[in-house]
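Undergrad: The following block contains the structure, expressed as structure tokens.
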Amino acid sequence: MDNVGLGFRRDLSDEILALNYNESPAFIEIAPENWIDLGGYWGKILKSAAERFPITSHGLSLSIGSPDPLDWDYIKKIKHFLNENNISIYSEHLSYSQSKNAHLYDLLPIPFREDAVKHISQRLREVQDFLEMPIALENVSYYTPVAAEMDEATFISSIVQESGCKLLLDVNNVFVNSFNHNYDPQEFISKLPLSEVQYIHMAGHEKVEEDLIIDTHGQPIISDVFELFEWTLPQLNKVPVLLERDFNFPEMAEIVQELNTLEAITQKSWTKTMKHA
Amino acid sequence: MLKNETENIQHQLAKHCRSNADLPIPGAKHERLHHYRRLIYTIIEDAIESAYPIARSILSDNQWTEMIDTFVAEHNCQHPQLFRMPEEVIQFAIDKNYPLKFKIPHLIDVLQFEWAEIEIHSMKDEIIPEITLVNDLLNAHLKFSPYCQLLALDYPVHHLNKIDVANSQGEYFMLVYREESGTVQYLELTALTHYVIVELSSGSSTLKNALDRVISEEENQTELYKLGVLFLKDLRAKGVLLS
Ligand SMILES: [Fe+2]
């Protein structure tokens, strides 16, 4: 595989490391929080993974949208970890997970407001300056808007523009949000600064109510999300694509098949784009 | 830059997720908010449960739920790394007086014992300089592996399935250590062997100094030295003693 990677979860680590060359993902993605300062058995696993695969990262605790101050001790650790493991992409979530000096360990929706745009952009600039690299910020799935004064696409675009950050486009999240909040996913994607997309996520989800999908990463990707992906790719630069699978793991062969399907779509879309260009 | 109003809304949402209190959150679909509460609660509960399976098993369902509910609502989790957060439960359980409240006097010891295993298992690798083995274990200053932790407990929590732990209050000592493979083991210690490790690992004492300080008139000095050396050889075989 050339373009498609797989989330490196502890439960999958043995099987990923045992894959032979032609079933291997192009890269793996790790959450720095799950591996920072980790030695012993898991430290060795990370080392063998780093020897074998290029690594991208997807952080969980930056909490860029929080009213709480940034945690610089933690950001220093992130920087050290990225350098130590030769990680070129640092992605994070456009959400917040910290409030009143407490971590909540999940992604809360930020009010789509002008003051939040300014606040987040300022924080992004500080962190990016310190890390000496742009952050790829992910559009997250959300189950309710909160005190919104603008639409989500405007919110995301303004932040990308004001902060100089890159975009991690999670196609499944666009689909989930378009379903939950009743908008057109293609129209939404068209409004984003697509030239700034540095990284793509694909995943499965679960419909829990008639009108609600939860972004679980515990199911295979559905065909609607594949279609949206296929529609989106020709509009983007060639970037890494990640399959996120976080629990409810099937046989590895099934995951490899999903990776192959994604890879085939990228090959088709991007070869075509390049010919046109 | 962030307006007070926006900031307050964000804190309200977080507070709702932690306490399940019915708080007004402008512009939100209130029938959807419980999903955030559920997701956050489950993430925190799962992290704690997987760190403390034994503590989970000795608490009743009601006690467990009370502890997790209160923890999520009242405790400000400090660690940005979720897998390290459960350590914070130990002090929380002490502060909340759960051993007394739940009538499980050994609860804190169980939590400490379970956490020591995780801490040693996940402990950051250190660069250990090449150390030559000493011949005279009795008189040398010795180096110990950084991947070990001594525990002094009031209850024999390592015998939970065998004896009535709650009614066996006493002095119990243990050494939790990591093998080369990464596997974590524990070794039961006596008050004396615990003392020996504390003294020797501080770097200021030799085995002979340490034993001489506690040996009584009636004891056979040579025999005790011999046992001490055997004990150290065993620690060396386990990878705990490096020199
Ligand atoms: Fe994602």
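Simple scheme: letters A, B, ... for chains in structure tokens order, numbers from 1 for residues in each chain, numbers from 1 for ligands in the order shown.
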What residues have any atom no more than 9 Å from ligand 1 when counting only C-alpha atoms and all ligand atoms, and can you list them as a PyMOL selection string?
TA: chain A and resi 58+93+138-141+168-173+200-203+215+217+242-244
Undergrad: Can you spit out the residues from that selection as a CSV table (one decimal), in the first residue's frame, using N, CA, C and O atoms?
TA:
chain,number,residue,atom,x,y,z
A,58,HIS,N,-2.0,11.3,16.2
A,58,HIS,CA,-3.3,11.8,16.4
A,58,HIS,C,-3.6,12.0,17.9
A,58,HIS,O,-3.8,11.1,18.6
A,93,HIS,N,-7.8,17.3,17.5
A,93,HIS,CA,-9.2,17.5,17.3
A,93,HIS,C,-9.7,18.9,17.5
A,93,HIS,O,-9.2,19.6,18.5
A,138,GLU,N,-8.7,18.2,13.1
A,138,GLU,CA,-9.7,17.3,12.6
A,138,GLU,C,-11.1,17.9,12.8
A,138,GLU,O,-11.4,18.4,13.9
A,139,ASN,N,-12.0,17.8,11.8
A,139,ASN,CA,-13.4,18.1,12.0
A,139,ASN,C,-14.0,17.0,12.8
A,139,ASN,O,-13.8,15.8,12.4
A,140,VAL,N,-14.5,17.2,14.0
A,140,VAL,CA,-15.0,16.1,14.8
A,140,VAL,C,-16.5,15.9,14.6
A,140,VAL,O,-17.2,16.8,14.1
A,141,SER,N,-16.9,14.7,15.0
A,141,SER,CA,-18.4,14.5,14.9
A,141,SER,C,-19.0,15.1,16.2
A,141,SER,O,-18.3,15.1,17.3
A,168,LEU,N,-7.3,18.0,9.0
A,168,LEU,CA,-7.4,16.6,8.9
A,168,LEU,C,-8.9,16.4,8.6
A,168,LEU,O,-9.8,16.7,9.4
A,169,LEU,N,-9.2,15.9,7.4
A,169,LEU,CA,-10.6,15.8,7.0
A,169,LEU,C,-11.0,14.4,7.3
A,169,LEU,O,-10.5,13.4,6.7
A,170,ASP,N,-11.9,14.3,8.3
A,170,ASP,CA,-12.5,13.0,8.6
A,170,ASP,C,-13.8,12.9,7.8
A,170,ASP,O,-14.8,13.5,8.2
A,171,VAL,N,-13.7,12.0,6.8
A,171,VAL,CA,-14.9,11.9,5.9
A,171,VAL,C,-16.1,11.3,6.6
A,171,VAL,O,-17.2,11.7,6.4
A,172,ASN,N,-15.8,10.3,7.4
A,172,ASN,CA,-16.9,9.7,8.2
A,172,ASN,C,-17.5,10.7,9.1
A,172,ASN,O,-18.8,10.7,9.2
A,173,ASN,N,-16.7,11.6,9.7
A,173,ASN,CA,-17.3,12.6,10.6
A,173,ASN,C,-18.2,13.5,9.9
A,173,ASN,O,-19.3,14.0,10.4
A,200,ILE,N,-6.3,12.4,5.9
A,200,ILE,CA,-7.7,12.0,5.8
A,200,ILE,C,-8.0,10.9,6.8
A,200,ILE,O,-7.1,10.0,6.9
A,201,HIS,N,-9.1,10.9,7.4
A,201,HIS,CA,-9.6,9.8,8.3
A,201,HIS,C,-10.8,9.1,7.6
A,201,HIS,O,-11.7,9.8,7.1
A,202,MET,N,-10.8,7.8,7.7
A,202,MET,CA,-12.0,7.0,7.3
A,202,MET,C,-12.3,6.1,8.5
A,202,MET,O,-11.4,5.5,9.1
A,203,ALA,N,-13.6,5.9,8.7
A,203,ALA,CA,-14.0,5.0,9.8
A,203,ALA,C,-15.4,4.5,9.7
A,203,ALA,O,-16.2,5.0,8.8
A,215,ASP,N,-20.3,8.2,16.4
A,215,ASP,CA,-19.0,7.9,15.7
A,215,ASP,C,-18.2,7.0,16.6
A,215,ASP,O,-17.3,7.4,17.3
A,217,HIS,N,-16.2,4.2,15.6
A,217,HIS,CA,-15.0,3.5,15.1
A,217,HIS,C,-15.0,2.0,15.4
A,217,HIS,O,-13.9,1.4,15.6
A,242,LEU,N,-6.1,7.4,6.5
A,242,LEU,CA,-6.1,6.5,7.7
A,242,LEU,C,-7.4,5.8,7.9
A,242,LEU,O,-8.4,6.4,7.9
A,243,LEU,N,-7.3,4.5,8.1
A,243,LEU,CA,-8.5,3.7,8.6
A,243,LEU,C,-8.4,3.7,10.1
A,243,LEU,O,-7.5,3.2,10.7
A,244,GLU,N,-9.5,4.2,10.7
A,244,GLU,CA,-9.6,4.2,12.2
A,244,GLU,C,-10.4,3.0,12.6
A,244,GLU,O,-11.6,2.9,12.2
Undergrad: I need the contact residues of chain B against chain A, so if you could list those with any atom within 6 Å, counting only C-alpha atoms, and return them as a ChimeraX atom specification, that would help.
TA: /B:1-2,7,11,26-29,40,76-77,80-81,122-125,182
Undergrad: Tell me, as a PyMOL selection string, which residues lie within 9 Å of Ala210 (chain B), counting only C-alpha atoms; anything in the same chain fewer than 2 positions away does not count.
TA: chain B and resi 195-196+199-200+205-208+212-215
Undergrad: Determine, counting only C-alpha atoms, which protein, DNA and RNA residues have an atom within 6 Å of an atom of region 174-179 of chain B; residues of the same chain fewer than 2 positions away are not included. Present the result as a list in words.
TA: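 My reading of the contact set: Tyr147, Cys148, Gln149, Leu150, Leu151, Ser181, Gly182, Thr183, Val184, Gln185, Tyr186, Leu187, Glu188 and Leu189 of chain B.
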Undergrad: Have a look at B:Leu153, B:Leu142, B:Val165, B:Ala55 and name the one nearest to Ser201 (chain B); count only C-alpha atoms.
TA: B:Leu142
Undergrad: How many Å lie between CA of Leu82 (chain A) and CA of Ser48 (chain A), rounded to one decimal?
TA: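 About the pair CA of Leu82 (chain A) and CA of Ser48 (chain A): they are 16.2 Å apart.
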Undergrad: Nearest to Gly203 (chain B): which of B:Tyr36, B:Lys143, B:Ala191, B:Lys96 is it, counting only C-alpha atoms?
TA: B:Lys143
Undergrad: Tell me, in Å to one decimal, how far CA of Lys191 (chain A) is from CA of Leu131 (chain A).
TA: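 A separation of 28.5 Å between them.
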Undergrad: From a DSSP calculation on the backbone, collect every residue of region 221-266 of chain A in alpha helix (DSSP H) and output the set as a list of chain:residue names.
TA: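 Restricting region 221-266 of chain A to alpha helix (DSSP H) produces A:Ser223, A:Asp224, A:Val225, A:Phe226, A:Glu227, A:Leu228, A:Phe229, A:Glu230, A:Trp231, A:Thr232, A:Met252, A:Ala253, A:Glu254, A:Ile255, A:Val256, A:Gln257, A:Glu258, A:Leu259, A:Asn260, A:Thr261, A:Leu262, A:Glu263, A:Ala264, A:Ile265, A:Thr266.
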Undergrad: Filtering to N, CA and C atoms, could you give me those residues as a PDB file, in the first residue's frame?
TA:
ATOM      1  N   SER A 223     -21.099   2.059   2.803  1.00  0.00           N
ATOM      2  CA  SER A 223     -20.906   2.418   1.390  1.00  0.00           C
ATOM      3  C   SER A 223     -21.105   3.914   1.139  1.00  0.00           C
ATOM      4  N   ASP A 224     -22.034   4.552   1.873  1.00  0.00           N
ATOM      5  CA  ASP A 224     -22.238   5.998   1.690  1.00  0.00           C
ATOM      6  C   ASP A 224     -20.961   6.788   1.983  1.00  0.00           C
ATOM      7  N   VAL A 225     -20.221   6.326   2.981  1.00  0.00           N
ATOM      8  CA  VAL A 225     -18.983   7.029   3.353  1.00  0.00           C
ATOM      9  C   VAL A 225     -17.886   6.760   2.309  1.00  0.00           C
ATOM     10  N   PHE A 226     -17.856   5.526   1.787  1.00  0.00           N
ATOM     11  CA  PHE A 226     -16.942   5.251   0.668  1.00  0.00           C
ATOM     12  C   PHE A 226     -17.242   6.163  -0.519  1.00  0.00           C
ATOM     13  N   GLU A 227     -18.526   6.332  -0.797  1.00  0.00           N
ATOM     14  CA  GLU A 227     -18.906   7.180  -1.946  1.00  0.00           C
ATOM     15  C   GLU A 227     -18.489   8.626  -1.740  1.00  0.00           C
ATOM     16  N   LEU A 228     -18.711   9.115  -0.520  1.00  0.00           N
ATOM     17  CA  LEU A 228     -18.333  10.496  -0.224  1.00  0.00           C
ATOM     18  C   LEU A 228     -16.806  10.669  -0.351  1.00  0.00           C
ATOM     19  N   PHE A 229     -16.090   9.661   0.096  1.00  0.00           N
ATOM     20  CA  PHE A 229     -14.620   9.636   0.004  1.00  0.00           C
ATOM     21  C   PHE A 229     -14.198   9.713  -1.474  1.00  0.00           C
ATOM     22  N   GLU A 230     -14.826   8.867  -2.272  1.00  0.00           N
ATOM     23  CA  GLU A 230     -14.480   8.802  -3.689  1.00  0.00           C
ATOM     24  C   GLU A 230     -14.786  10.122  -4.383  1.00  0.00           C
ATOM     25  N   TRP A 231     -15.873  10.741  -3.963  1.00  0.00           N
ATOM     26  CA  TRP A 231     -16.256  12.035  -4.533  1.00  0.00           C
ATOM     27  C   TRP A 231     -15.259  13.133  -4.126  1.00  0.00           C
ATOM     28  N   THR A 232     -14.739  13.020  -2.913  1.00  0.00           N
ATOM     29  CA  THR A 232     -13.866  14.070  -2.373  1.00  0.00           C
ATOM     30  C   THR A 232     -12.440  14.015  -2.921  1.00  0.00           C
ATOM     31  N   MET A 252      -8.158  -9.847  11.283  1.00  0.00           N
ATOM     32  CA  MET A 252      -7.232  -8.931  10.606  1.00  0.00           C
ATOM     33  C   MET A 252      -7.478  -8.927   9.093  1.00  0.00           C
ATOM     34  N   ALA A 253      -7.823 -10.089   8.550  1.00  0.00           N
ATOM     35  CA  ALA A 253      -8.041 -10.178   7.097  1.00  0.00           C
ATOM     36  C   ALA A 253      -9.119  -9.189   6.653  1.00  0.00           C
ATOM     37  N   GLU A 254     -10.115  -9.006   7.505  1.00  0.00           N
ATOM     38  CA  GLU A 254     -11.211  -8.093   7.163  1.00  0.00           C
ATOM     39  C   GLU A 254     -10.712  -6.636   7.153  1.00  0.00           C
ATOM     40  N   ILE A 255      -9.855  -6.329   8.104  1.00  0.00           N
ATOM     41  CA  ILE A 255      -9.282  -4.980   8.147  1.00  0.00           C
ATOM     42  C   ILE A 255      -8.391  -4.746   6.923  1.00  0.00           C
ATOM     43  N   VAL A 256      -7.602  -5.749   6.589  1.00  0.00           N
ATOM     44  CA  VAL A 256      -6.713  -5.625   5.419  1.00  0.00           C
ATOM     45  C   VAL A 256      -7.537  -5.401   4.153  1.00  0.00           C
ATOM     46  N   GLN A 257      -8.668  -6.078   4.095  1.00  0.00           N
ATOM     47  CA  GLN A 257      -9.536  -5.908   2.933  1.00  0.00           C
ATOM     48  C   GLN A 257     -10.047  -4.460   2.838  1.00  0.00           C
ATOM     49  N   GLU A 258     -10.415  -3.915   3.995  1.00  0.00           N
ATOM     50  CA  GLU A 258     -10.880  -2.525   4.020  1.00  0.00           C
ATOM     51  C   GLU A 258      -9.753  -1.569   3.588  1.00  0.00           C
ATOM     52  N   LEU A 259      -8.560  -1.859   4.065  1.00  0.00           N
ATOM     53  CA  LEU A 259      -7.397  -1.044   3.668  1.00  0.00           C
ATOM     54  C   LEU A 259      -7.197  -1.113   2.155  1.00  0.00           C
ATOM     55  N   ASN A 260      -7.322  -2.328   1.611  1.00  0.00           N
ATOM     56  CA  ASN A 260      -7.132  -2.499   0.163  1.00  0.00           C
ATOM     57  C   ASN A 260      -8.175  -1.732  -0.632  1.00  0.00           C
ATOM     58  N   THR A 261      -9.410  -1.762  -0.155  1.00  0.00           N
ATOM     59  CA  THR A 261     -10.468  -1.025  -0.849  1.00  0.00           C
ATOM     60  C   THR A 261     -10.147   0.464  -0.871  1.00  0.00           C
ATOM     61  N   LEU A 262      -9.721   0.983   0.299  1.00  0.00           N
ATOM     62  CA  LEU A 262      -9.361   2.403   0.378  1.00  0.00           C
ATOM     63  C   LEU A 262      -8.189   2.706  -0.562  1.00  0.00           C
ATOM     64  N   GLU A 263      -7.197   1.838  -0.537  1.00  0.00           N
ATOM     65  CA  GLU A 263      -6.010   2.048  -1.376  1.00  0.00           C
ATOM     66  C   GLU A 263      -6.409   2.092  -2.856  1.00  0.00           C
ATOM     67  N   ALA A 264      -7.278   1.170  -3.250  1.00  0.00           N
ATOM     68  CA  ALA A 264      -7.697   1.119  -4.660  1.00  0.00           C
ATOM     69  C   ALA A 264      -8.382   2.429  -5.060  1.00  0.00           C
ATOM     70  N   ILE A 265      -9.204   2.955  -4.172  1.00  0.00           N
ATOM     71  CA  ILE A 265      -9.891   4.219  -4.489  1.00  0.00           C
ATOM     72  C   ILE A 265      -8.878   5.359  -4.616  1.00  0.00           C
ATOM     73  N   THR A 266      -7.908   5.394  -3.711  1.00  0.00           N
ATOM     74  CA  THR A 266      -6.918   6.483  -3.801  1.00  0.00           C
ATOM     75  C   THR A 266      -6.115   6.362  -5.097  1.00  0.00           C
TER      76      THR A 266
END
Undergrad: Using only C-alpha atoms, which protein or nucleic acid residues come within 10 Å of Asn86 (chain A)? Drop anything in the same chain fewer than 6 positions from it, and give the result as a PyMOL selection string.
TA: chain A and resi 50+54-56+80
Undergrad: What's the separation between CA of Leu167 (chain A) and CA of Arg52 (chain A), in Å to one decimal place?
TA: 26.6 Å
Undergrad: Identify, on the basis of only C-alpha atoms, every residue whose closest approach to region 62-67 of chain B does not exceed 12 Å; exclude the query and any residue fewer than 6 positions from it along the same chain; express the result as a PyMOL selection string.
TA: chain B and resi 41-42+44-45+48-49+52-56+73-75+89-90+92-99+101-104+107
Undergrad: Near Phe53 (chain A), counting only C-alpha atoms, which residues have an atom at most 8 Å away, once you skip same-chain residues fewer than 5 positions from it, shown as a ChimeraX atom specification?
TA: /A:26-28
Undergrad: Restricting the output to N, CA and C atoms, write the selected residues as a PDB file, in the first residue's frame.
TA:
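Once written, selection17.pdb looks like this:
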ATOM      1  N   ALA A  26       0.541   1.440   4.625  1.00  0.00           N
ATOM      2  CA  ALA A  26       1.647   2.315   4.235  1.00  0.00           C
ATOM      3  C   ALA A  26       2.269   2.987   5.457  1.00  0.00           C
ATOM      4  N   PHE A  27       1.455   3.152   6.500  1.00  0.00           N
ATOM      5  CA  PHE A  27       1.960   3.796   7.721  1.00  0.00           C
ATOM      6  C   PHE A  27       1.015   3.412   8.851  1.00  0.00           C
ATOM      7  N   ILE A  28       1.410   3.743  10.068  1.00  0.00           N
ATOM      8  CA  ILE A  28       0.488   3.556  11.186  1.00  0.00           C
ATOM      9  C   ILE A  28       0.296   4.895  11.898  1.00  0.00           C
TER      10      ILE A  28
END
Undergrad: Nearest residue to Leu100 (chain B) out of B:Thr193, B:Arg18, B:Lys233, B:Ala166, using only C-alpha atoms?
TA: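 So, comparing all the options, the nearest one is B:Ala166.
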Undergrad: Pick out the closest residue to Leu6 (chain A) from this set: A:Ala18, A:Ile30, A:Ile75, A:Val197. Count only C-alpha atoms.
TA: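 Once distances to Leu6 (chain A) are computed over only C-alpha atoms, the minimum belongs to A:Ile30.
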Undergrad: Find, counting only C-alpha atoms, the residue in A:Ile78, A:Val176, A:Ile221, A:Val239 that gets nearest to Glu132 (chain A).
TA: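 Among A:Ile78, A:Val176, A:Ile221, A:Val239, it is A:Ile78 that comes nearest to Glu132 (chain A).
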Undergrad: Please extract the residues of region 52-134 of chain A with a backbone DSSP assignment of strand (DSSP E) and present them as a list in words.
TA: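 Here is the list: Ile55, Thr56, Ser57, His58, Tyr90, Ser91, Glu92, His93, Tyr96, Ser97, Gln98, Ser99, Ala102, His103, Leu104, Tyr105, Asp106, Leu107 and Leu108 of chain A.
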Undergrad: Write the residues of the preceding selection, restricted to N, CA, C and O atoms, as a tab-separated table (two decimals), in the first residue's frame.
TA:
chain	number	residue	atom	x	y	z
A	55	ILE	N	5.28	6.68	10.96
A	55	ILE	CA	4.23	6.92	11.96
A	55	ILE	C	3.64	8.32	11.81
A	55	ILE	O	4.37	9.29	11.66
A	56	THR	N	2.31	8.38	11.86
A	56	THR	CA	1.63	9.67	12.00
A	56	THR	C	1.02	9.70	13.41
A	56	THR	O	0.90	8.66	14.04
A	57	SER	N	0.66	10.88	13.88
A	57	SER	CA	0.11	10.93	15.24
A	57	SER	C	-1.21	11.68	15.29
A	57	SER	O	-1.48	12.57	14.48
A	58	HIS	N	-2.01	11.26	16.25
A	58	HIS	CA	-3.35	11.84	16.42
A	58	HIS	C	-3.55	12.04	17.92
A	58	HIS	O	-3.83	11.08	18.64
A	90	TYR	N	1.37	15.77	13.01
A	90	TYR	CA	0.73	15.84	14.33
A	90	TYR	C	-0.68	16.36	14.12
A	90	TYR	O	-0.88	17.51	13.76
A	91	SER	N	-1.65	15.49	14.33
A	91	SER	CA	-3.04	15.92	14.17
A	91	SER	C	-3.72	15.96	15.53
A	91	SER	O	-3.29	15.30	16.48
A	92	GLU	N	-4.75	16.76	15.62
A	92	GLU	CA	-5.52	16.88	16.86
A	92	GLU	C	-6.98	17.17	16.52
A	92	GLU	O	-7.34	17.21	15.35
A	93	HIS	N	-7.80	17.33	17.54
A	93	HIS	CA	-9.24	17.48	17.32
A	93	HIS	C	-9.69	18.92	17.52
A	93	HIS	O	-9.25	19.59	18.46
A	96	TYR	N	-12.93	20.34	22.62
A	96	TYR	CA	-12.24	20.54	23.89
A	96	TYR	C	-12.53	19.37	24.82
A	96	TYR	O	-13.58	18.74	24.73
A	97	SER	N	-11.56	19.08	25.68
A	97	SER	CA	-11.72	17.93	26.56
A	97	SER	C	-11.27	18.28	27.98
A	97	SER	O	-11.06	17.40	28.81
A	98	GLN	N	-11.12	19.57	28.23
A	98	GLN	CA	-10.67	20.01	29.55
A	98	GLN	C	-11.51	21.20	29.97
A	98	GLN	O	-11.79	22.09	29.15
A	99	SER	N	-11.93	21.21	31.22
A	99	SER	CA	-12.72	22.32	31.74
A	99	SER	C	-12.48	22.44	33.22
A	99	SER	O	-12.46	21.42	33.93
A	102	ALA	N	-9.93	20.12	34.79
A	102	ALA	CA	-10.19	18.68	34.80
A	102	ALA	C	-10.18	18.14	33.37
A	102	ALA	O	-10.77	18.74	32.48
A	103	HIS	N	-9.49	17.01	33.19
A	103	HIS	CA	-9.56	16.32	31.90
A	103	HIS	C	-10.83	15.48	31.85
A	103	HIS	O	-11.18	14.83	32.83
A	104	LEU	N	-11.50	15.50	30.69
A	104	LEU	CA	-12.70	14.66	30.54
A	104	LEU	C	-12.47	13.50	29.57
A	104	LEU	O	-13.30	12.61	29.46
A	105	TYR	N	-11.37	13.53	28.85
A	105	TYR	CA	-10.96	12.43	27.97
A	105	TYR	C	-11.94	12.13	26.84
A	105	TYR	O	-11.98	11.02	26.32
A	106	ASP	N	-12.77	13.10	26.49
A	106	ASP	CA	-13.59	12.91	25.30
A	106	ASP	C	-13.74	14.27	24.61
A	106	ASP	O	-13.35	15.29	25.16
A	107	LEU	N	-14.33	14.25	23.42
A	107	LEU	CA	-14.32	15.43	22.57
A	107	LEU	C	-15.64	16.19	22.68
A	107	LEU	O	-16.66	15.76	22.14
A	108	LEU	N	-15.62	17.30	23.38
A	108	LEU	CA	-16.84	18.10	23.52
A	108	LEU	C	-16.93	19.13	22.40
A	108	LEU	O	-15.91	19.66	21.94
